[in-house]
Amino acid sequence: MWHSHATVSPVVEAWTTYRTGSARQWTPERLTAAKGRDRVSVVIPARDEQATIGAIVSTIRRDLIERVPLVDEILVVDSRSTDTTAMVARRAGARVVSQDRMTRGLPRMEGKGDALWAGLAASSGDVVAFVDGDLHEFSSHFVTGLLGPLLTDQSVEFVKGFYHRPLNGPVSVETDGGGRVTELAARPLLNLFFPELAGFVQPLAGEYAGRRRALERIPFVSGYGVEIGMLIDLVDLVGLDALAQVDLGERKHRHQGTEALGRMAAQIMVTAWSRMYRRGLATEPVPPSTMLTQFRRGGQDALPNLDRQIAVTETGVTERPPLATLKRAVAA
C-alpha cells in the first residue's frame with residue numbers, strides 16, 4: 001500500500017520544499033548574467049562511449065559556449081577506453097585528459113570515482129558540473145539545471161539532479177523502472193542511517209554540480225560507491241541546507257543486468273558502512289566481508305545439484321583523498 005507523506009520528517013519535508021527546483025527555472029542567458037567572474041567547467045567521465053560522447057559535447061558547446069558564454073570549459077576524462085571515445089570527444093570540441101595520466105604516481109584505482117577525481121583535478125572551474133557520457137537524446141538543460149541554484153544562490157554548495165528513468169522492456173516501457181538500485185539499496189540505507197538525506201529523489205544520479213571549494217574537501221570513492229559517498233560526505237561537510245536538487249526531466253541511457261546491479265548495490269553498502277562507522281553507527285571500520293557471492297544458471301562449471309555456477313566478486317572500495325590535501329602536501 002502506498003502511504004501519504006504524513007510521517008515524513010519535518011526537516012526533510014521543509015528541505016525538499018525549499019531546496020528542490022526545476023531546470024525550467026533558469027535560462028542560459030539568465031545564468032550567464034548571474035555567474036559573474038566564476039568560471040564554469042563541465043566534466044564528463046567516459047569509457048567506451050564513442051556512440052554518445054560526440055553529441056553530448058557538441059550540444060554543450062553549441063548551446064552554452066557559442067550561443068551564450070556560460071560554460072568556460074568542457075573536459076572529457078578518458079577512462080581507459082578501448083574505442084575512439086577520446087578522438088570523438090576532441091573533434092566535438094572537448095579538452096580530453098587521460099584518467100591514468102592525471103593520477104600518475106598515485107595508486108591505481110578502478111571505476112568512475114577515480115575518473116571524476118581526475119576530472120576535478122584537471123578542470124579549472126570555480127563551479128564544476130559532472131555529466132555522464134552515456135546519455136541519449138542529451139539536452140543542454142541538464143547542465144543549466146544543475147548550474148541554476150549554484151549561480152543564483154551563493155548559499156548552495158552542491159546540486160543533485162533527478163529525472164524519470166524509463167526502463168525499456170521487450171514489450172513495454174516502465175516509466176520509472178530505471179532506478180532499481182536506488183529503490184532496493186540506496187534509499188533504504190539512507191532512510192535507516194542517514195535520514196536527513198531521505199528527501200533526495202535520486203541519490204545515485206550521475207548528474208550533479210558543486211563549488212570547487214567543497215568538492216576539493218571530500219574523498220572520491222572508487223566504483224559505484226562514489227555518488228552515495230559524495231552525498232554523505234557533503235552533508236557532513238557543509239550541512240543539508242547547502243545541498244539542493246533539480247528536476248532535469250527524463251534521462252535515457254543504457255541499463256545493466258541484474259547481476260551487475262547486485263555488484264553495484266554491494267559497493268554502495270560497503271561505502272555507506274564506512275560512513276556509518278564515522279558516525280558511530282558501526283563498531284568496525286570495514287564490514288565483516290566485502291566478497292559478494294552470486295549464482296549464474298547453467299554453464300560448463302555448474303555445480304552438482306545446483307545447475308548454477310558460483311561467481312564471487314570483491315566489492316571493497318578505495319578512495320582518492322580530498323584533492324585539497326594533496327595540494328597542501330605538494331605546496332609543503
# chains A, B, ... in the order shown; residues from 1 in each chain; ligands from 1
>>> residues_around(residues="Arg211 of chain A", least_positions_apart="4", cutoff="7 Å", atoms="only C-alpha atoms", output="list in words")
Asp126, Val127, Val128, Glu157, Phe158 and Leu215 of chain A
>>> residues_around(residues="Val235 of chain A", least_positions_apart="3", cutoff="12 Å", atoms="only C-alpha atoms", output="count of residues only")
26
>>> select_by_dssp(residues="segment 101-261 of chain A", states="strand (DSSP E)", output="PyMOL selection string")
chain A and resi 127-130+158-164+167-168+173-174+208-211+220-221+243-250
>>> residues_around(residues="Gln300 of chain A", least_positions_apart="6", cutoff="10 Å", atoms="only C-alpha atoms", output="list in words")
Asp307, Arg308 and Gln309 of chain A
>>> write_last_selection(atoms="C-alpha atoms", output="tab-separated table (two decimals), in the first residue's frame")
chain	number	residue	atom	x	y	z
A	307	ASP	CA	22.71	-26.23	-12.11
A	308	ARG	CA	24.45	-22.94	-11.42
A	309	GLN	CA	27.92	-21.50	-11.40
>>> closest_residue(among="A:Gly105, A:Gly199, A:Gly262, A:Gly225", to="Glu13 of chain A", atoms="only C-alpha atoms")
A:Gly199
>>> closest_residue(among="A:Ser81, A:Ser58, A:Thr152, A:Gln99", to="Gln25 of chain A", atoms="only C-alpha atoms")
A:Thr152
>>> select_by_dssp(residues="segment 93-330 of chain A", states="helix (DSSP H, G or I)", output="short mmCIF file (atom, residue, chain, number, x, y, z; two decimals) with N, CA, C and O atoms, in the first residue's frame")
data_model
loop_
_atom_site.label_atom_id
_atom_site.label_comp_id
_atom_site.auth_asym_id
_atom_site.auth_seq_id
_atom_site.Cartn_x
_atom_site.Cartn_y
_atom_site.Cartn_z
N GLN A 99 42.59 9.58 -17.66
CA GLN A 99 42.47 9.29 -16.23
C GLN A 99 43.80 8.83 -15.65
O GLN A 99 44.23 9.30 -14.59
N ASP A 100 44.48 7.94 -16.35
CA ASP A 100 45.74 7.41 -15.83
C ASP A 100 46.84 8.47 -15.82
O ASP A 100 47.69 8.49 -14.92
N ARG A 101 46.84 9.35 -16.81
CA ARG A 101 47.85 10.41 -16.83
C ARG A 101 47.65 11.38 -15.66
O ARG A 101 48.61 11.82 -15.03
N MET A 102 46.39 11.69 -15.36
CA MET A 102 46.10 12.61 -14.27
C MET A 102 46.40 12.01 -12.90
O MET A 102 46.63 12.75 -11.94
N LYS A 112 34.43 4.66 -11.76
CA LYS A 112 34.04 6.02 -12.12
C LYS A 112 34.58 7.07 -11.16
O LYS A 112 34.94 8.17 -11.57
N GLY A 113 34.64 6.75 -9.88
CA GLY A 113 35.07 7.75 -8.90
C GLY A 113 36.46 8.29 -9.19
O GLY A 113 36.72 9.49 -9.02
N ASP A 114 37.35 7.43 -9.66
CA ASP A 114 38.70 7.87 -9.99
C ASP A 114 38.69 8.81 -11.18
O ASP A 114 39.44 9.80 -11.21
N ALA A 115 37.83 8.53 -12.16
CA ALA A 115 37.72 9.42 -13.32
C ALA A 115 37.16 10.78 -12.92
O ALA A 115 37.61 11.83 -13.42
N LEU A 116 36.21 10.79 -12.02
CA LEU A 116 35.65 12.06 -11.53
C LEU A 116 36.71 12.87 -10.79
O LEU A 116 36.82 14.09 -10.97
N TRP A 117 37.47 12.20 -9.95
CA TRP A 117 38.53 12.88 -9.21
C TRP A 117 39.55 13.47 -10.17
O TRP A 117 39.99 14.61 -10.01
N ALA A 118 39.92 12.69 -11.20
CA ALA A 118 40.86 13.18 -12.20
C ALA A 118 40.30 14.39 -12.94
O ALA A 118 41.02 15.34 -13.25
N GLY A 119 39.00 14.36 -13.22
CA GLY A 119 38.37 15.49 -13.89
C GLY A 119 38.36 16.74 -13.03
O GLY A 119 38.58 17.85 -13.53
N LEU A 120 38.10 16.58 -11.76
CA LEU A 120 38.15 17.73 -10.85
C LEU A 120 39.56 18.30 -10.80
O LEU A 120 39.75 19.52 -10.84
N ALA A 121 40.56 17.41 -10.74
CA ALA A 121 41.95 17.87 -10.68
C ALA A 121 42.37 18.59 -11.96
O ALA A 121 43.14 19.55 -11.91
N ALA A 122 41.88 18.14 -13.10
CA ALA A 122 42.28 18.72 -14.39
C ALA A 122 41.50 19.96 -14.76
O ALA A 122 41.96 20.77 -15.58
N HIS A 141 19.84 21.51 -21.16
CA HIS A 141 19.17 21.89 -19.91
C HIS A 141 19.65 21.04 -18.74
O HIS A 141 19.47 21.42 -17.59
N PHE A 142 20.27 19.88 -19.02
CA PHE A 142 20.88 19.11 -17.94
C PHE A 142 21.95 19.95 -17.25
O PHE A 142 22.07 19.93 -16.03
N VAL A 143 22.72 20.68 -18.02
CA VAL A 143 23.78 21.50 -17.45
C VAL A 143 23.22 22.76 -16.80
O VAL A 143 23.57 23.09 -15.66
N THR A 144 22.34 23.46 -17.49
CA THR A 144 21.79 24.69 -16.92
C THR A 144 20.98 24.41 -15.66
O THR A 144 20.99 25.20 -14.71
N GLY A 145 20.28 23.27 -15.63
CA GLY A 145 19.53 22.93 -14.44
C GLY A 145 20.42 22.73 -13.23
O GLY A 145 20.12 23.19 -12.12
N LEU A 146 21.56 22.05 -13.43
CA LEU A 146 22.49 21.83 -12.33
C LEU A 146 23.16 23.13 -11.88
O LEU A 146 23.43 23.33 -10.70
N LEU A 147 23.43 24.01 -12.84
CA LEU A 147 24.11 25.26 -12.51
C LEU A 147 23.19 26.29 -11.86
O LEU A 147 23.65 27.16 -11.12
N GLY A 148 21.89 26.18 -12.14
CA GLY A 148 20.96 27.21 -11.69
C GLY A 148 21.07 27.59 -10.22
O GLY A 148 21.31 28.76 -9.90
N PRO A 149 20.89 26.65 -9.28
CA PRO A 149 20.96 27.03 -7.87
C PRO A 149 22.33 27.57 -7.46
O PRO A 149 22.43 28.47 -6.62
N LEU A 150 23.40 27.05 -8.04
CA LEU A 150 24.75 27.46 -7.65
C LEU A 150 25.07 28.88 -8.09
O LEU A 150 25.72 29.64 -7.36
N LEU A 151 24.63 29.25 -9.29
CA LEU A 151 24.97 30.58 -9.81
C LEU A 151 24.02 31.68 -9.34
O LEU A 151 24.35 32.85 -9.43
N THR A 152 22.85 31.29 -8.82
CA THR A 152 21.88 32.30 -8.38
C THR A 152 21.72 32.35 -6.86
O THR A 152 21.01 33.21 -6.35
N ARG A 180 16.47 0.98 -10.14
CA ARG A 180 16.29 -0.22 -9.32
C ARG A 180 17.24 -0.25 -8.12
O ARG A 180 16.83 -0.58 -7.01
N VAL A 181 18.49 0.08 -8.31
CA VAL A 181 19.44 0.05 -7.19
C VAL A 181 19.09 1.13 -6.17
O VAL A 181 19.23 0.93 -4.95
N THR A 182 18.61 2.27 -6.64
CA THR A 182 18.19 3.32 -5.71
C THR A 182 17.09 2.81 -4.78
O THR A 182 17.18 2.96 -3.56
N GLU A 183 16.06 2.20 -5.37
CA GLU A 183 14.92 1.80 -4.56
C GLU A 183 15.21 0.60 -3.68
O GLU A 183 14.66 0.47 -2.58
N LEU A 184 16.07 -0.31 -4.14
CA LEU A 184 16.31 -1.55 -3.41
C LEU A 184 17.49 -1.48 -2.45
O LEU A 184 17.58 -2.30 -1.52
N ALA A 185 18.40 -0.54 -2.65
CA ALA A 185 19.59 -0.47 -1.81
C ALA A 185 19.82 0.92 -1.22
O ALA A 185 19.84 1.10 -0.01
N ALA A 186 20.00 1.92 -2.07
CA ALA A 186 20.41 3.23 -1.59
C ALA A 186 19.35 3.91 -0.74
O ALA A 186 19.65 4.45 0.34
N ARG A 187 18.11 3.90 -1.19
CA ARG A 187 17.08 4.61 -0.42
C ARG A 187 16.84 3.99 0.95
O ARG A 187 16.77 4.71 1.96
N PRO A 188 16.72 2.66 1.06
CA PRO A 188 16.59 2.09 2.40
C PRO A 188 17.78 2.41 3.31
O PRO A 188 17.59 2.71 4.49
N LEU A 189 18.99 2.36 2.75
CA LEU A 189 20.17 2.69 3.56
C LEU A 189 20.13 4.11 4.08
O LEU A 189 20.38 4.37 5.27
N LEU A 190 19.81 5.06 3.21
CA LEU A 190 19.78 6.46 3.63
C LEU A 190 18.69 6.71 4.65
O LEU A 190 18.90 7.42 5.64
N ASN A 191 17.51 6.14 4.44
CA ASN A 191 16.42 6.35 5.38
C ASN A 191 16.73 5.76 6.75
O ASN A 191 16.35 6.32 7.78
N LEU A 192 17.44 4.63 6.78
CA LEU A 192 17.75 3.98 8.05
C LEU A 192 18.87 4.69 8.81
O LEU A 192 18.78 4.87 10.03
N PHE A 193 19.93 5.08 8.09
CA PHE A 193 21.14 5.52 8.78
C PHE A 193 21.53 6.98 8.51
O PHE A 193 22.32 7.55 9.27
N PRO A 195 19.04 9.68 7.70
CA PRO A 195 17.67 10.10 7.37
C PRO A 195 17.55 11.54 6.90
O PRO A 195 16.56 11.89 6.24
N GLU A 196 18.53 12.37 7.20
CA GLU A 196 18.46 13.76 6.71
C GLU A 196 18.56 13.83 5.19
O GLU A 196 18.21 14.84 4.58
N LEU A 197 19.05 12.74 4.55
CA LEU A 197 19.19 12.70 3.10
C LEU A 197 18.01 12.00 2.42
O LEU A 197 18.04 11.78 1.21
N ARG A 212 33.92 24.22 -6.33
CA ARG A 212 35.23 23.58 -6.18
C ARG A 212 35.67 23.57 -4.72
O ARG A 212 36.25 22.58 -4.25
N ARG A 213 35.40 24.63 -4.00
CA ARG A 213 35.87 24.73 -2.61
C ARG A 213 35.30 23.60 -1.75
O ARG A 213 35.92 23.20 -0.76
N ALA A 214 34.12 23.09 -2.10
CA ALA A 214 33.54 21.97 -1.37
C ALA A 214 34.02 20.63 -1.94
O ALA A 214 34.40 19.72 -1.19
N LEU A 215 34.03 20.51 -3.26
CA LEU A 215 34.40 19.24 -3.89
C LEU A 215 35.83 18.84 -3.59
O LEU A 215 36.14 17.65 -3.48
N GLY A 223 34.64 2.96 -7.91
CA GLY A 223 33.49 2.15 -8.29
C GLY A 223 32.16 2.84 -8.11
O GLY A 223 32.02 4.05 -8.24
N TYR A 224 31.15 2.02 -7.79
CA TYR A 224 29.78 2.52 -7.73
C TYR A 224 29.46 3.20 -6.41
O TYR A 224 28.33 3.65 -6.22
N GLY A 225 30.41 3.29 -5.51
CA GLY A 225 30.15 3.96 -4.24
C GLY A 225 30.30 5.46 -4.29
O GLY A 225 30.00 6.14 -3.31
N VAL A 226 30.74 6.01 -5.43
CA VAL A 226 31.12 7.42 -5.45
C VAL A 226 29.95 8.34 -5.18
O VAL A 226 30.09 9.32 -4.43
N GLU A 227 28.78 8.07 -5.76
CA GLU A 227 27.67 9.02 -5.59
C GLU A 227 27.14 9.06 -4.16
O GLU A 227 26.93 10.13 -3.60
N ILE A 228 26.93 7.89 -3.56
CA ILE A 228 26.39 7.90 -2.20
C ILE A 228 27.44 8.42 -1.22
O ILE A 228 27.13 9.14 -0.27
N GLY A 229 28.71 8.08 -1.45
CA GLY A 229 29.77 8.59 -0.59
C GLY A 229 29.86 10.10 -0.65
O GLY A 229 30.02 10.79 0.37
N MET A 230 29.78 10.64 -1.86
CA MET A 230 29.85 12.09 -2.04
C MET A 230 28.71 12.79 -1.31
O MET A 230 28.91 13.82 -0.64
N LEU A 231 27.51 12.25 -1.41
CA LEU A 231 26.34 12.88 -0.79
C LEU A 231 26.47 12.89 0.73
O LEU A 231 26.23 13.91 1.39
N ILE A 232 26.87 11.76 1.30
CA ILE A 232 27.02 11.69 2.76
C ILE A 232 28.15 12.60 3.23
O ILE A 232 28.03 13.32 4.23
N ASP A 233 29.26 12.58 2.52
CA ASP A 233 30.41 13.40 2.92
C ASP A 233 30.08 14.89 2.84
O ASP A 233 30.51 15.68 3.68
N LEU A 234 29.32 15.28 1.83
CA LEU A 234 28.99 16.69 1.68
C LEU A 234 28.00 17.17 2.73
O LEU A 234 28.12 18.29 3.23
N VAL A 235 27.03 16.34 3.09
CA VAL A 235 26.11 16.78 4.14
C VAL A 235 26.83 16.90 5.47
O VAL A 235 26.54 17.79 6.28
N ASP A 236 27.84 16.06 5.69
CA ASP A 236 28.64 16.19 6.91
C ASP A 236 29.53 17.43 6.85
O ASP A 236 29.82 18.04 7.89
N LEU A 237 29.98 17.80 5.65
CA LEU A 237 30.91 18.91 5.50
C LEU A 237 30.21 20.27 5.53
O LEU A 237 30.65 21.18 6.24
N VAL A 238 29.12 20.41 4.75
CA VAL A 238 28.52 21.74 4.58
C VAL A 238 27.10 21.84 5.14
O VAL A 238 26.54 22.93 5.21
N LEU A 240 22.91 20.13 5.42
CA LEU A 240 21.84 19.85 4.49
C LEU A 240 21.37 21.09 3.74
O LEU A 240 21.05 21.04 2.55
N ASP A 241 21.32 22.22 4.40
CA ASP A 241 20.78 23.43 3.77
C ASP A 241 21.63 23.91 2.60
O ASP A 241 21.15 24.65 1.74
N ALA A 242 22.89 23.49 2.54
CA ALA A 242 23.76 23.90 1.42
C ALA A 242 23.63 22.96 0.23
O ALA A 242 24.30 23.16 -0.79
N THR A 258 20.74 -7.57 -14.03
CA THR A 258 20.50 -7.73 -12.59
C THR A 258 21.77 -8.10 -11.84
O THR A 258 22.01 -7.60 -10.72
N GLU A 259 22.61 -8.96 -12.39
CA GLU A 259 23.83 -9.37 -11.70
C GLU A 259 24.75 -8.17 -11.49
O GLU A 259 25.33 -8.00 -10.41
N ALA A 260 24.90 -7.35 -12.51
CA ALA A 260 25.73 -6.15 -12.38
C ALA A 260 25.15 -5.18 -11.36
O ALA A 260 25.88 -4.53 -10.60
N LEU A 261 23.83 -5.08 -11.33
CA LEU A 261 23.19 -4.20 -10.34
C LEU A 261 23.43 -4.70 -8.92
O LEU A 261 23.54 -3.92 -7.98
N GLY A 262 23.51 -6.03 -8.76
CA GLY A 262 23.83 -6.58 -7.44
C GLY A 262 25.21 -6.17 -6.98
O GLY A 262 25.41 -5.82 -5.80
N ARG A 263 26.17 -6.18 -7.89
CA ARG A 263 27.53 -5.73 -7.53
C ARG A 263 27.54 -4.25 -7.20
O ARG A 263 28.25 -3.79 -6.29
N MET A 264 26.76 -3.48 -7.94
CA MET A 264 26.65 -2.06 -7.66
C MET A 264 26.08 -1.82 -6.25
O MET A 264 26.61 -1.02 -5.48
N ALA A 265 25.02 -2.53 -5.93
CA ALA A 265 24.40 -2.39 -4.61
C ALA A 265 25.37 -2.75 -3.50
O ALA A 265 25.42 -2.09 -2.44
N ALA A 266 26.17 -3.79 -3.72
CA ALA A 266 27.14 -4.20 -2.70
C ALA A 266 28.17 -3.10 -2.45
O ALA A 266 28.51 -2.81 -1.29
N GLN A 267 28.69 -2.49 -3.49
CA GLN A 267 29.67 -1.42 -3.31
C GLN A 267 29.05 -0.21 -2.61
O GLN A 267 29.71 0.46 -1.81
N ILE A 268 27.79 0.07 -2.89
CA ILE A 268 27.10 1.16 -2.22
C ILE A 268 26.99 0.86 -0.72
O ILE A 268 27.22 1.75 0.13
N MET A 269 26.69 -0.37 -0.38
CA MET A 269 26.58 -0.74 1.04
C MET A 269 27.93 -0.67 1.74
O MET A 269 28.02 -0.20 2.88
N VAL A 270 28.98 -1.11 1.06
CA VAL A 270 30.32 -1.03 1.65
C VAL A 270 30.71 0.43 1.89
O VAL A 270 31.28 0.78 2.94
N THR A 271 30.40 1.29 0.93
CA THR A 271 30.71 2.72 1.08
C THR A 271 29.93 3.32 2.24
O THR A 271 30.48 4.08 3.06
N ALA A 272 28.65 2.99 2.32
CA ALA A 272 27.83 3.51 3.41
C ALA A 272 28.34 3.03 4.77
O ALA A 272 28.29 3.77 5.76
N TRP A 273 28.85 1.80 4.82
CA TRP A 273 29.35 1.25 6.09
C TRP A 273 30.44 2.15 6.69
O TRP A 273 30.43 2.43 7.89
N SER A 274 31.40 2.55 5.86
CA SER A 274 32.49 3.38 6.38
C SER A 274 31.98 4.70 6.93
O SER A 274 32.51 5.23 7.91
N ARG A 275 30.94 5.24 6.32
CA ARG A 275 30.34 6.49 6.82
C ARG A 275 29.53 6.23 8.08
O ARG A 275 29.48 7.09 8.98
N MET A 276 28.91 5.08 8.16
CA MET A 276 28.22 4.71 9.40
C MET A 276 29.21 4.59 10.55
O MET A 276 28.93 5.03 11.68
N TYR A 277 30.36 4.01 10.28
CA TYR A 277 31.39 3.89 11.31
C TYR A 277 31.84 5.27 11.78
O TYR A 277 32.01 5.52 12.98
N ARG A 278 32.01 6.17 10.83
CA ARG A 278 32.43 7.53 11.18
C ARG A 278 31.42 8.22 12.08
O ARG A 278 31.78 9.03 12.94
N LEU A 323 41.17 16.36 -2.80
CA LEU A 323 42.18 17.00 -3.65
C LEU A 323 42.93 18.09 -2.91
O LEU A 323 44.13 18.29 -3.12
N ALA A 324 42.24 18.77 -2.01
CA ALA A 324 42.89 19.86 -1.27
C ALA A 324 44.04 19.35 -0.41
O ALA A 324 45.03 20.05 -0.21
N THR A 325 43.94 18.12 0.10
CA THR A 325 45.01 17.60 0.95
C THR A 325 46.26 17.34 0.13
O THR A 325 47.38 17.53 0.61
N LEU A 326 46.11 16.90 -1.10
CA LEU A 326 47.27 16.67 -1.96
C LEU A 326 47.91 17.99 -2.37
O LEU A 326 49.13 18.10 -2.47
N LYS A 327 47.09 18.99 -2.61
CA LYS A 327 47.62 20.31 -2.97
C LYS A 327 48.46 20.87 -1.83
O LYS A 327 49.53 21.44 -2.05
N ARG A 328 47.98 20.69 -0.61
CA ARG A 328 48.74 21.18 0.55
C ARG A 328 50.04 20.42 0.69
O ARG A 328 51.08 21.00 1.03
N ALA A 329 49.99 19.11 0.44
CA ALA A 329 51.21 18.30 0.56
C ALA A 329 52.24 18.72 -0.47
O ALA A 329 53.44 18.80 -0.18
N VAL A 330 51.79 19.00 -1.70
CA VAL A 330 52.71 19.43 -2.76
C VAL A 330 53.30 20.79 -2.42
O VAL A 330 54.49 21.05 -2.59
#
>>> closest_residue(among="A:Ser79, A:Thr17, A:Gln154, A:Thr27", to="Ile44 of chain A", atoms="only C-alpha atoms")
A:Ser79
